[in-house]
$ cat query-v4.cif   # mmCIF, N, CA and C atoms
data_data
#
loop_
_atom_site.label_atom_id
_atom_site.label_comp_id
_atom_site.auth_asym_id
_atom_site.auth_seq_id
_atom_site.Cartn_x
_atom_site.Cartn_y
_atom_site.Cartn_z
N MET P 1 61.11 107.28 71.14
CA MET P 1 61.99 107.34 72.29
C MET P 1 63.43 107.39 71.79
N THR P 2 64.20 108.31 72.35
CA THR P 2 65.59 108.44 71.92
C THR P 2 66.53 108.01 73.02
N LEU P 3 67.71 107.57 72.60
CA LEU P 3 68.80 107.26 73.51
C LEU P 3 70.08 107.61 72.77
N LYS P 4 70.88 108.52 73.36
CA LYS P 4 72.15 108.95 72.76
C LYS P 4 73.26 108.80 73.78
N LEU P 5 74.44 108.40 73.32
CA LEU P 5 75.65 108.41 74.15
C LEU P 5 76.47 109.62 73.74
N ILE P 6 76.78 110.47 74.71
CA ILE P 6 77.46 111.72 74.42
C ILE P 6 78.69 111.84 75.33
N PRO P 7 79.89 112.05 74.75
CA PRO P 7 81.06 112.28 75.61
C PRO P 7 80.86 113.57 76.40
N TYR P 8 81.26 113.53 77.68
CA TYR P 8 81.08 114.66 78.58
C TYR P 8 82.41 114.93 79.27
N LEU P 9 82.95 116.13 79.08
CA LEU P 9 84.23 116.51 79.68
C LEU P 9 83.99 117.33 80.93
N VAL P 10 84.65 116.95 82.02
CA VAL P 10 84.55 117.70 83.27
C VAL P 10 85.88 118.43 83.46
N MET P 11 85.81 119.76 83.41
CA MET P 11 87.00 120.59 83.46
C MET P 11 87.21 121.14 84.88
N ASN P 12 88.39 121.67 85.13
CA ASN P 12 88.73 122.16 86.46
C ASN P 12 88.79 123.69 86.48
N GLY P 13 87.68 124.33 86.12
CA GLY P 13 87.62 125.79 86.12
C GLY P 13 88.02 126.42 84.81
N ASN P 14 88.34 125.61 83.81
CA ASN P 14 88.77 126.17 82.53
C ASN P 14 87.85 125.77 81.37
N ALA P 15 86.59 125.51 81.66
CA ALA P 15 85.64 125.10 80.61
C ALA P 15 85.46 126.20 79.56
N LYS P 16 85.43 127.47 79.98
CA LYS P 16 85.27 128.56 79.00
C LYS P 16 86.43 128.54 78.00
N GLN P 17 87.65 128.33 78.51
CA GLN P 17 88.81 128.28 77.62
C GLN P 17 88.72 127.06 76.70
N ALA P 18 88.24 125.94 77.23
CA ALA P 18 88.10 124.73 76.41
C ALA P 18 87.07 124.96 75.31
N ILE P 19 85.97 125.62 75.65
CA ILE P 19 84.95 125.92 74.63
C ILE P 19 85.56 126.76 73.53
N ASP P 20 86.24 127.84 73.90
CA ASP P 20 86.87 128.70 72.89
C ASP P 20 87.86 127.92 72.04
N PHE P 21 88.63 127.05 72.67
CA PHE P 21 89.62 126.24 71.96
C PHE P 21 88.95 125.32 70.95
N TYR P 22 87.90 124.60 71.36
CA TYR P 22 87.22 123.67 70.46
C TYR P 22 86.46 124.39 69.36
N VAL P 23 85.93 125.57 69.66
CA VAL P 23 85.27 126.37 68.62
C VAL P 23 86.28 126.75 67.55
N SER P 24 87.48 127.18 67.96
CA SER P 24 88.47 127.61 66.98
C SER P 24 89.20 126.46 66.30
N THR P 25 89.48 125.38 67.01
CA THR P 25 90.28 124.31 66.40
C THR P 25 89.44 123.24 65.70
N LEU P 26 88.23 123.01 66.18
CA LEU P 26 87.39 121.95 65.61
C LEU P 26 86.20 122.50 64.83
N ASP P 27 86.17 123.83 64.66
CA ASP P 27 85.05 124.48 63.97
C ASP P 27 83.73 124.13 64.66
N ALA P 28 83.78 124.03 65.98
CA ALA P 28 82.59 123.69 66.76
C ALA P 28 81.66 124.89 66.84
N ARG P 29 80.41 124.59 67.13
CA ARG P 29 79.39 125.63 67.30
C ARG P 29 78.80 125.47 68.70
N LEU P 30 78.83 126.54 69.48
CA LEU P 30 78.27 126.51 70.83
C LEU P 30 76.75 126.53 70.73
N LEU P 31 76.11 125.44 71.17
CA LEU P 31 74.65 125.33 71.12
C LEU P 31 74.01 125.88 72.38
N ALA P 32 74.63 125.66 73.53
CA ALA P 32 74.07 126.12 74.80
C ALA P 32 75.17 126.22 75.83
N SER P 33 75.02 127.17 76.75
CA SER P 33 75.97 127.32 77.85
C SER P 33 75.24 127.95 79.02
N GLN P 34 75.50 127.40 80.21
CA GLN P 34 74.87 127.91 81.42
C GLN P 34 75.91 127.89 82.53
N SER P 35 76.04 128.99 83.25
CA SER P 35 76.99 129.05 84.36
C SER P 35 76.28 128.62 85.65
N PHE P 36 77.07 128.32 86.68
CA PHE P 36 76.48 127.99 87.98
C PHE P 36 75.65 129.15 88.51
N GLY P 37 76.05 130.38 88.19
CA GLY P 37 75.31 131.55 88.63
C GLY P 37 73.97 131.72 87.94
N ASP P 38 73.77 131.04 86.81
CA ASP P 38 72.51 131.13 86.06
C ASP P 38 71.39 130.28 86.65
N GLN P 39 71.73 129.31 87.51
CA GLN P 39 70.69 128.43 88.03
C GLN P 39 69.83 129.14 89.06
N PRO P 40 68.62 128.65 89.28
CA PRO P 40 67.75 129.29 90.27
C PRO P 40 68.39 129.28 91.66
N ALA P 41 68.24 130.39 92.36
CA ALA P 41 68.82 130.51 93.70
C ALA P 41 68.14 129.54 94.67
N ASN P 42 68.96 128.93 95.52
CA ASN P 42 68.45 128.04 96.56
C ASN P 42 69.14 128.44 97.86
N PRO P 43 68.39 129.04 98.81
CA PRO P 43 69.03 129.52 100.05
C PRO P 43 69.71 128.41 100.86
N GLU P 44 69.27 127.16 100.67
CA GLU P 44 69.90 126.04 101.39
C GLU P 44 71.27 125.70 100.81
N TYR P 45 71.47 126.01 99.53
CA TYR P 45 72.73 125.71 98.84
C TYR P 45 73.19 126.93 98.05
N PRO P 46 73.63 127.99 98.74
CA PRO P 46 74.06 129.19 98.01
C PRO P 46 75.30 128.91 97.16
N ILE P 47 75.37 129.54 96.02
CA ILE P 47 76.50 129.38 95.11
C ILE P 47 77.61 130.35 95.55
N PRO P 48 78.80 129.83 95.87
CA PRO P 48 79.91 130.73 96.23
C PRO P 48 80.23 131.68 95.08
N GLU P 49 80.62 132.87 95.41
CA GLU P 49 80.88 133.91 94.40
C GLU P 49 81.86 133.43 93.34
N GLU P 50 82.92 132.71 93.75
CA GLU P 50 83.94 132.26 92.79
C GLU P 50 83.42 131.20 91.82
N MET P 51 82.25 130.62 92.12
CA MET P 51 81.66 129.58 91.26
C MET P 51 80.70 130.15 90.21
N LYS P 52 80.21 131.34 90.43
CA LYS P 52 79.12 131.86 89.60
C LYS P 52 79.46 131.95 88.12
N ASP P 53 80.72 132.19 87.77
CA ASP P 53 81.10 132.28 86.36
C ASP P 53 81.56 130.96 85.77
N ARG P 54 81.71 129.94 86.60
CA ARG P 54 82.11 128.63 86.06
C ARG P 54 80.96 128.02 85.27
N ILE P 55 81.32 127.20 84.29
CA ILE P 55 80.32 126.58 83.42
C ILE P 55 79.68 125.39 84.13
N MET P 56 78.35 125.45 84.28
CA MET P 56 77.62 124.33 84.86
C MET P 56 77.32 123.29 83.79
N HIS P 57 77.06 123.77 82.57
CA HIS P 57 76.80 122.85 81.45
C HIS P 57 76.92 123.61 80.15
N ALA P 58 77.56 122.98 79.17
CA ALA P 58 77.64 123.55 77.82
C ALA P 58 77.55 122.41 76.81
N THR P 59 77.01 122.73 75.65
CA THR P 59 76.89 121.75 74.57
C THR P 59 77.48 122.36 73.30
N LEU P 60 78.37 121.59 72.66
CA LEU P 60 78.98 121.99 71.40
C LEU P 60 78.56 121.02 70.30
N GLN P 61 78.31 121.56 69.12
CA GLN P 61 78.08 120.74 67.92
C GLN P 61 79.40 120.72 67.16
N ILE P 62 79.93 119.53 66.94
CA ILE P 62 81.18 119.39 66.20
C ILE P 62 80.89 118.45 65.04
N GLY P 63 80.75 119.00 63.86
CA GLY P 63 80.34 118.18 62.71
C GLY P 63 78.99 117.56 63.00
N GLU P 64 78.91 116.24 62.91
CA GLU P 64 77.66 115.53 63.18
C GLU P 64 77.55 115.07 64.63
N SER P 65 78.54 115.43 65.44
CA SER P 65 78.60 114.95 66.83
C SER P 65 78.33 116.08 67.82
N VAL P 66 78.01 115.67 69.04
CA VAL P 66 77.79 116.60 70.14
C VAL P 66 78.81 116.29 71.23
N LEU P 67 79.34 117.33 71.84
CA LEU P 67 80.24 117.22 72.98
C LEU P 67 79.67 118.09 74.09
N MET P 68 79.58 117.55 75.29
CA MET P 68 79.11 118.32 76.44
C MET P 68 80.26 118.51 77.41
N LEU P 69 80.22 119.60 78.16
CA LEU P 69 81.26 119.83 79.15
C LEU P 69 80.77 120.75 80.25
N SER P 70 81.49 120.70 81.37
CA SER P 70 81.20 121.56 82.51
C SER P 70 82.47 121.71 83.34
N ASP P 71 82.41 122.63 84.29
CA ASP P 71 83.47 122.75 85.28
C ASP P 71 83.08 121.95 86.51
N THR P 72 84.07 121.56 87.30
CA THR P 72 83.79 120.95 88.59
C THR P 72 83.24 122.03 89.51
N PHE P 73 82.54 121.61 90.53
CA PHE P 73 82.06 122.53 91.56
C PHE P 73 83.15 122.63 92.62
N ALA P 74 83.23 123.77 93.27
CA ALA P 74 84.26 123.99 94.30
C ALA P 74 84.27 122.84 95.30
N GLY P 75 85.44 122.28 95.55
CA GLY P 75 85.59 121.21 96.52
C GLY P 75 85.46 119.81 95.93
N GLN P 76 84.97 119.70 94.69
CA GLN P 76 84.89 118.38 94.06
C GLN P 76 86.27 118.01 93.52
N PRO P 77 86.62 116.73 93.67
CA PRO P 77 87.94 116.31 93.16
C PRO P 77 87.97 116.35 91.63
N HIS P 78 89.12 116.64 91.10
CA HIS P 78 89.33 116.64 89.64
C HIS P 78 90.69 116.02 89.39
N GLN P 79 90.70 114.99 88.59
CA GLN P 79 91.96 114.31 88.29
C GLN P 79 92.09 114.15 86.79
N ILE P 80 93.19 114.65 86.24
CA ILE P 80 93.43 114.51 84.81
C ILE P 80 93.42 113.02 84.47
N GLY P 81 92.68 112.67 83.41
CA GLY P 81 92.58 111.28 82.99
C GLY P 81 91.24 110.67 83.35
N THR P 82 90.54 111.26 84.30
CA THR P 82 89.23 110.74 84.67
C THR P 82 88.12 111.76 84.40
N GLN P 83 88.45 112.82 83.68
CA GLN P 83 87.47 113.87 83.47
C GLN P 83 86.52 113.61 82.31
N VAL P 84 86.67 112.51 81.60
CA VAL P 84 85.77 112.18 80.51
C VAL P 84 84.72 111.19 81.02
N THR P 85 83.47 111.55 80.88
CA THR P 85 82.37 110.68 81.27
C THR P 85 81.48 110.44 80.06
N ILE P 86 80.53 109.54 80.20
CA ILE P 86 79.55 109.30 79.14
C ILE P 86 78.20 109.76 79.64
N CYS P 87 77.56 110.63 78.89
CA CYS P 87 76.22 111.09 79.21
C CYS P 87 75.24 110.26 78.38
N ILE P 88 74.34 109.55 79.04
CA ILE P 88 73.27 108.83 78.34
C ILE P 88 72.06 109.73 78.38
N SER P 89 71.70 110.25 77.22
CA SER P 89 70.59 111.18 77.10
C SER P 89 69.37 110.43 76.58
N LEU P 90 68.27 110.52 77.33
CA LEU P 90 67.05 109.81 76.98
C LEU P 90 65.86 110.75 76.95
N SER P 91 64.80 110.30 76.30
CA SER P 91 63.57 111.09 76.27
C SER P 91 62.51 110.54 77.21
N ASP P 92 62.79 109.42 77.89
CA ASP P 92 61.80 108.74 78.72
C ASP P 92 62.37 108.50 80.12
N ALA P 93 61.72 109.09 81.13
CA ALA P 93 62.21 108.98 82.51
C ALA P 93 62.14 107.54 83.04
N ASP P 94 61.15 106.76 82.63
CA ASP P 94 61.07 105.37 83.08
C ASP P 94 62.24 104.56 82.55
N ARG P 95 62.59 104.78 81.29
CA ARG P 95 63.73 104.07 80.72
C ARG P 95 65.03 104.53 81.39
N ALA P 96 65.12 105.82 81.70
CA ALA P 96 66.29 106.34 82.40
C ALA P 96 66.46 105.63 83.74
N LYS P 97 65.36 105.43 84.45
CA LYS P 97 65.41 104.76 85.75
C LYS P 97 65.89 103.32 85.60
N LYS P 98 65.40 102.60 84.57
CA LYS P 98 65.82 101.22 84.35
C LYS P 98 67.31 101.14 84.03
N ILE P 99 67.78 102.03 83.19
CA ILE P 99 69.20 102.04 82.83
C ILE P 99 70.06 102.40 84.04
N PHE P 100 69.63 103.40 84.80
CA PHE P 100 70.38 103.80 86.00
C PHE P 100 70.49 102.63 86.98
N GLU P 101 69.37 101.97 87.24
CA GLU P 101 69.37 100.84 88.17
C GLU P 101 70.26 99.70 87.67
N ALA P 102 70.23 99.45 86.37
CA ALA P 102 71.06 98.37 85.81
C ALA P 102 72.55 98.72 85.92
N LEU P 103 72.92 99.96 85.59
CA LEU P 103 74.33 100.35 85.62
C LEU P 103 74.90 100.45 87.03
N GLN P 104 74.05 100.70 88.02
CA GLN P 104 74.57 100.85 89.38
C GLN P 104 74.93 99.52 90.03
N ALA P 105 74.51 98.39 89.46
CA ALA P 105 74.81 97.07 90.04
C ALA P 105 76.33 96.87 90.09
N GLY P 106 76.84 96.74 91.29
CA GLY P 106 78.27 96.54 91.47
C GLY P 106 79.08 97.82 91.36
N GLY P 107 78.41 98.94 91.15
CA GLY P 107 79.09 100.22 91.02
C GLY P 107 78.82 101.12 92.21
N GLN P 108 78.96 102.42 91.99
CA GLN P 108 78.78 103.39 93.08
C GLN P 108 77.99 104.58 92.55
N VAL P 109 76.89 104.90 93.24
CA VAL P 109 76.06 106.05 92.87
C VAL P 109 76.70 107.31 93.45
N THR P 110 76.95 108.27 92.59
CA THR P 110 77.49 109.56 93.01
C THR P 110 76.37 110.54 93.32
N MET P 111 75.34 110.52 92.48
CA MET P 111 74.15 111.35 92.67
C MET P 111 72.95 110.50 92.30
N PRO P 112 72.06 110.22 93.23
CA PRO P 112 70.89 109.39 92.91
C PRO P 112 70.07 109.99 91.78
N LEU P 113 69.41 109.14 91.01
CA LEU P 113 68.53 109.61 89.94
C LEU P 113 67.40 110.40 90.58
N GLN P 114 67.23 111.65 90.15
CA GLN P 114 66.23 112.52 90.76
C GLN P 114 65.83 113.63 89.80
N GLU P 115 64.72 114.25 90.12
CA GLU P 115 64.28 115.41 89.34
C GLU P 115 65.14 116.61 89.74
N THR P 116 65.58 117.36 88.73
CA THR P 116 66.34 118.59 88.95
C THR P 116 65.64 119.70 88.19
N PHE P 117 66.13 120.92 88.33
CA PHE P 117 65.50 122.02 87.60
C PHE P 117 65.74 121.91 86.10
N PHE P 118 66.71 121.08 85.68
CA PHE P 118 67.00 120.96 84.25
C PHE P 118 66.61 119.62 83.65
N SER P 119 66.16 118.68 84.48
CA SER P 119 65.82 117.35 83.96
C SER P 119 64.81 116.67 84.88
N PRO P 120 63.84 115.95 84.31
CA PRO P 120 62.91 115.20 85.16
C PRO P 120 63.55 113.98 85.83
N ALA P 121 64.70 113.53 85.32
CA ALA P 121 65.40 112.39 85.92
C ALA P 121 66.88 112.48 85.53
N TYR P 122 67.71 112.87 86.51
CA TYR P 122 69.15 113.01 86.29
C TYR P 122 69.89 112.33 87.44
N GLY P 123 70.93 111.60 87.10
CA GLY P 123 71.75 110.96 88.12
C GLY P 123 73.15 110.70 87.61
N LEU P 124 74.04 110.38 88.52
CA LEU P 124 75.45 110.18 88.19
C LEU P 124 75.94 108.96 88.94
N LEU P 125 76.66 108.08 88.24
CA LEU P 125 77.19 106.88 88.88
C LEU P 125 78.46 106.42 88.20
N VAL P 126 79.22 105.61 88.92
CA VAL P 126 80.39 104.94 88.37
C VAL P 126 80.04 103.46 88.33
N ASP P 127 80.12 102.86 87.14
CA ASP P 127 79.74 101.45 87.04
C ASP P 127 80.84 100.53 87.57
N LYS P 128 80.59 99.25 87.57
CA LYS P 128 81.54 98.29 88.16
C LYS P 128 82.87 98.22 87.42
N PHE P 129 82.95 98.85 86.24
CA PHE P 129 84.19 98.88 85.47
C PHE P 129 84.95 100.20 85.64
N GLY P 130 84.41 101.09 86.50
CA GLY P 130 85.06 102.37 86.74
C GLY P 130 84.70 103.46 85.74
N VAL P 131 83.68 103.23 84.91
CA VAL P 131 83.25 104.22 83.92
C VAL P 131 82.16 105.09 84.55
N THR P 132 82.33 106.40 84.45
CA THR P 132 81.35 107.32 85.00
C THR P 132 80.29 107.63 83.96
N PHE P 133 79.02 107.46 84.36
CA PHE P 133 77.88 107.73 83.50
C PHE P 133 77.01 108.81 84.13
N GLN P 134 76.55 109.71 83.29
CA GLN P 134 75.51 110.66 83.67
C GLN P 134 74.25 110.20 82.94
N ILE P 135 73.17 110.02 83.68
CA ILE P 135 71.90 109.66 83.06
C ILE P 135 71.09 110.94 83.04
N TYR P 136 70.72 111.37 81.86
CA TYR P 136 70.03 112.65 81.67
C TYR P 136 68.75 112.42 80.87
N THR P 137 67.63 112.81 81.45
CA THR P 137 66.35 112.74 80.74
C THR P 137 66.02 114.14 80.24
N GLU P 138 65.73 114.22 78.95
CA GLU P 138 65.41 115.51 78.35
C GLU P 138 64.09 116.02 78.91
N ALA P 139 64.06 117.31 79.26
CA ALA P 139 62.83 117.93 79.76
C ALA P 139 61.86 118.10 78.60
N LYS P 140 60.62 117.79 78.86
CA LYS P 140 59.58 117.99 77.84
C LYS P 140 59.17 119.45 77.86
N HIS P 141 59.11 120.04 76.67
CA HIS P 141 58.78 121.47 76.58
C HIS P 141 57.32 121.66 76.30
#
$ encode --input "query-v4.cif" --output "structure tokens"
Amino acid sequence: MTLKLIPYLVMNGNAKQAIDFYVSTLDARLLASQSFGDQPANPEYPIPEEMKDRIMHATLQIGESVLMLSDTFAGQPHQIGTQVTICISLSDADRAKKIFEALQAGGQVTMPLQETFFSPAYGLLVDKFGVTFQIYTEAKH
């Protein structure tokens, strides 16, 4: 069972530029990138045209470390200084649920822990200290 803490940057429509910048300045290697337009279509939640090219998720390898980033979705607030979150990446959905439940005590759930097309258990919360955590369970292949 794995558990990793990964810094996660939330950008305001400029994630592609940030990726290019970190690749050139930090000798980073782009491991994965997916735009909002790449996700499966859902007629209940259509993706606005201006969002389709924004980065939904990207992963960079920088030396021995990993950095993840994405753009905000249209209409979501973005404030400089609060765009860094911690992604807790796990291999076990039951452990993800326990950690999510523990961290939400006294905090605020932004997105309940749930199955998504990219993870069997993903959720987002702000803990009682104001730190934003993404709980991400790796999909089994």
$ residues_around --input "query-v4.cif" --residues "stretch 101-110 of chain P" --least-positions-apart "6" --cutoff "10 Å" --atoms "only C-alpha atoms" --output "short mmCIF file (atom, residue, chain, number, x, y, z; two decimals) with N, CA and C atoms, in the frame of the given file"
data_model
loop_
_atom_site.label_atom_id
_atom_site.label_comp_id
_atom_site.auth_asym_id
_atom_site.auth_seq_id
_atom_site.Cartn_x
_atom_site.Cartn_y
_atom_site.Cartn_z
N ARG P 95 62.59 104.78 81.29
CA ARG P 95 63.73 104.07 80.72
C ARG P 95 65.03 104.53 81.39
N GLY P 123 70.93 111.60 87.10
CA GLY P 123 71.75 110.96 88.12
C GLY P 123 73.15 110.70 87.61
N LEU P 124 74.04 110.38 88.52
CA LEU P 124 75.45 110.18 88.19
C LEU P 124 75.94 108.96 88.94
N LEU P 125 76.66 108.08 88.24
CA LEU P 125 77.19 106.88 88.88
C LEU P 125 78.46 106.42 88.20
N VAL P 126 79.22 105.61 88.92
CA VAL P 126 80.39 104.94 88.37
C VAL P 126 80.04 103.46 88.33
N ASP P 127 80.12 102.86 87.14
CA ASP P 127 79.74 101.45 87.04
C ASP P 127 80.84 100.53 87.57
N LYS P 128 80.59 99.25 87.57
CA LYS P 128 81.54 98.29 88.16
C LYS P 128 82.87 98.22 87.42
N PHE P 129 82.95 98.85 86.24
CA PHE P 129 84.19 98.88 85.47
C PHE P 129 84.95 100.20 85.64
N GLY P 130 84.41 101.09 86.50
CA GLY P 130 85.06 102.37 86.74
C GLY P 130 84.70 103.46 85.74
N VAL P 131 83.68 103.23 84.91
CA VAL P 131 83.25 104.22 83.92
C VAL P 131 82.16 105.09 84.55
N THR P 132 82.33 106.40 84.45
CA THR P 132 81.35 107.32 85.00
C THR P 132 80.29 107.63 83.96
N PHE P 133 79.02 107.46 84.36
CA PHE P 133 77.88 107.73 83.50
C PHE P 133 77.01 108.81 84.13
N GLN P 134 76.55 109.71 83.29
CA GLN P 134 75.51 110.66 83.67
C GLN P 134 74.25 110.20 82.94
N ILE P 135 73.17 110.02 83.68
CA ILE P 135 71.90 109.66 83.06
C ILE P 135 71.09 110.94 83.04
#
$ residues_around --input "query-v4.cif" --residues "stretch 67-78 of chain P" --least-positions-apart "3" --cutoff "8 Å" --atoms "only C-alpha atoms" --output "list of chain:residue names"
P:Ile6, P:Pro7, P:Tyr8, P:Leu9, P:Val10, P:Met11, P:Asn12, P:Gly13, P:Asn14, P:Ala15, P:Met51, P:Arg54, P:Ile55, P:Met56, P:His57, P:Ala58, P:Thr59, P:Leu60, P:Gln61, P:Ile62, P:Thr82, P:Gln83
$ select_by_dssp --input "query-v4.cif" --residues "chain P" --states "helix (DSSP H, G or I)" --output "PyMOL selection string"
chain P and resi 15-25+36-38+49-51+93-104
$ resolve_selection --input "query-v4.cif" --expression "the PyMOL selection byres ((chain P and resi 63) around 7)" --output "list in words"
Leu26, Asp27, Ala28, Arg29, Gln61, Ile62, Glu64, Ser65 and Val66 of chain P
$ select_by_dssp --input "query-v4.cif" --residues "stretch 9-106 of chain P" --states "strand (DSSP E)" --output "count of residues only"
32
$ atom_distance --input "query-v4.cif" --atom1 "atom C of P:Phe118" --atom2 "atom N of P:Pro48"
20.1 Å
$ atom_distance --input "query-v4.cif" --atom1 "atom N of P:Gln79" --atom2 "atom N of P:Asp53"
19.9 Å
$ atom_distance --input "query-v4.cif" --atom1 "atom N of P:Lys52" --atom2 "atom C of P:Leu30"
20.6 Å
$ residues_around --input "query-v4.cif" --residues "P:Tyr136" --least-positions-apart "6" --cutoff "12 Å" --atoms "only C-alpha atoms" --output "JSON, numbers by chain"
{"P": [2, 3, 4, 5, 6, 8, 68, 86, 87, 88, 89, 90, 91, 92, 93, 94, 95, 96, 97, 99, 100, 111, 112, 113, 114, 115, 116, 117, 118, 119, 120, 121, 122, 123, 124, 125]}
$ axis_aligned_box --input "query-v4.cif" --around "stretch 7-12 of chain P" --padding-each-side "8 Å" --output "JSON"
{"center_x": 84.3, "center_y": 117.9, "center_z": 80.6, "size_x": 24.9, "size_y": 27.6, "size_z": 27.7}
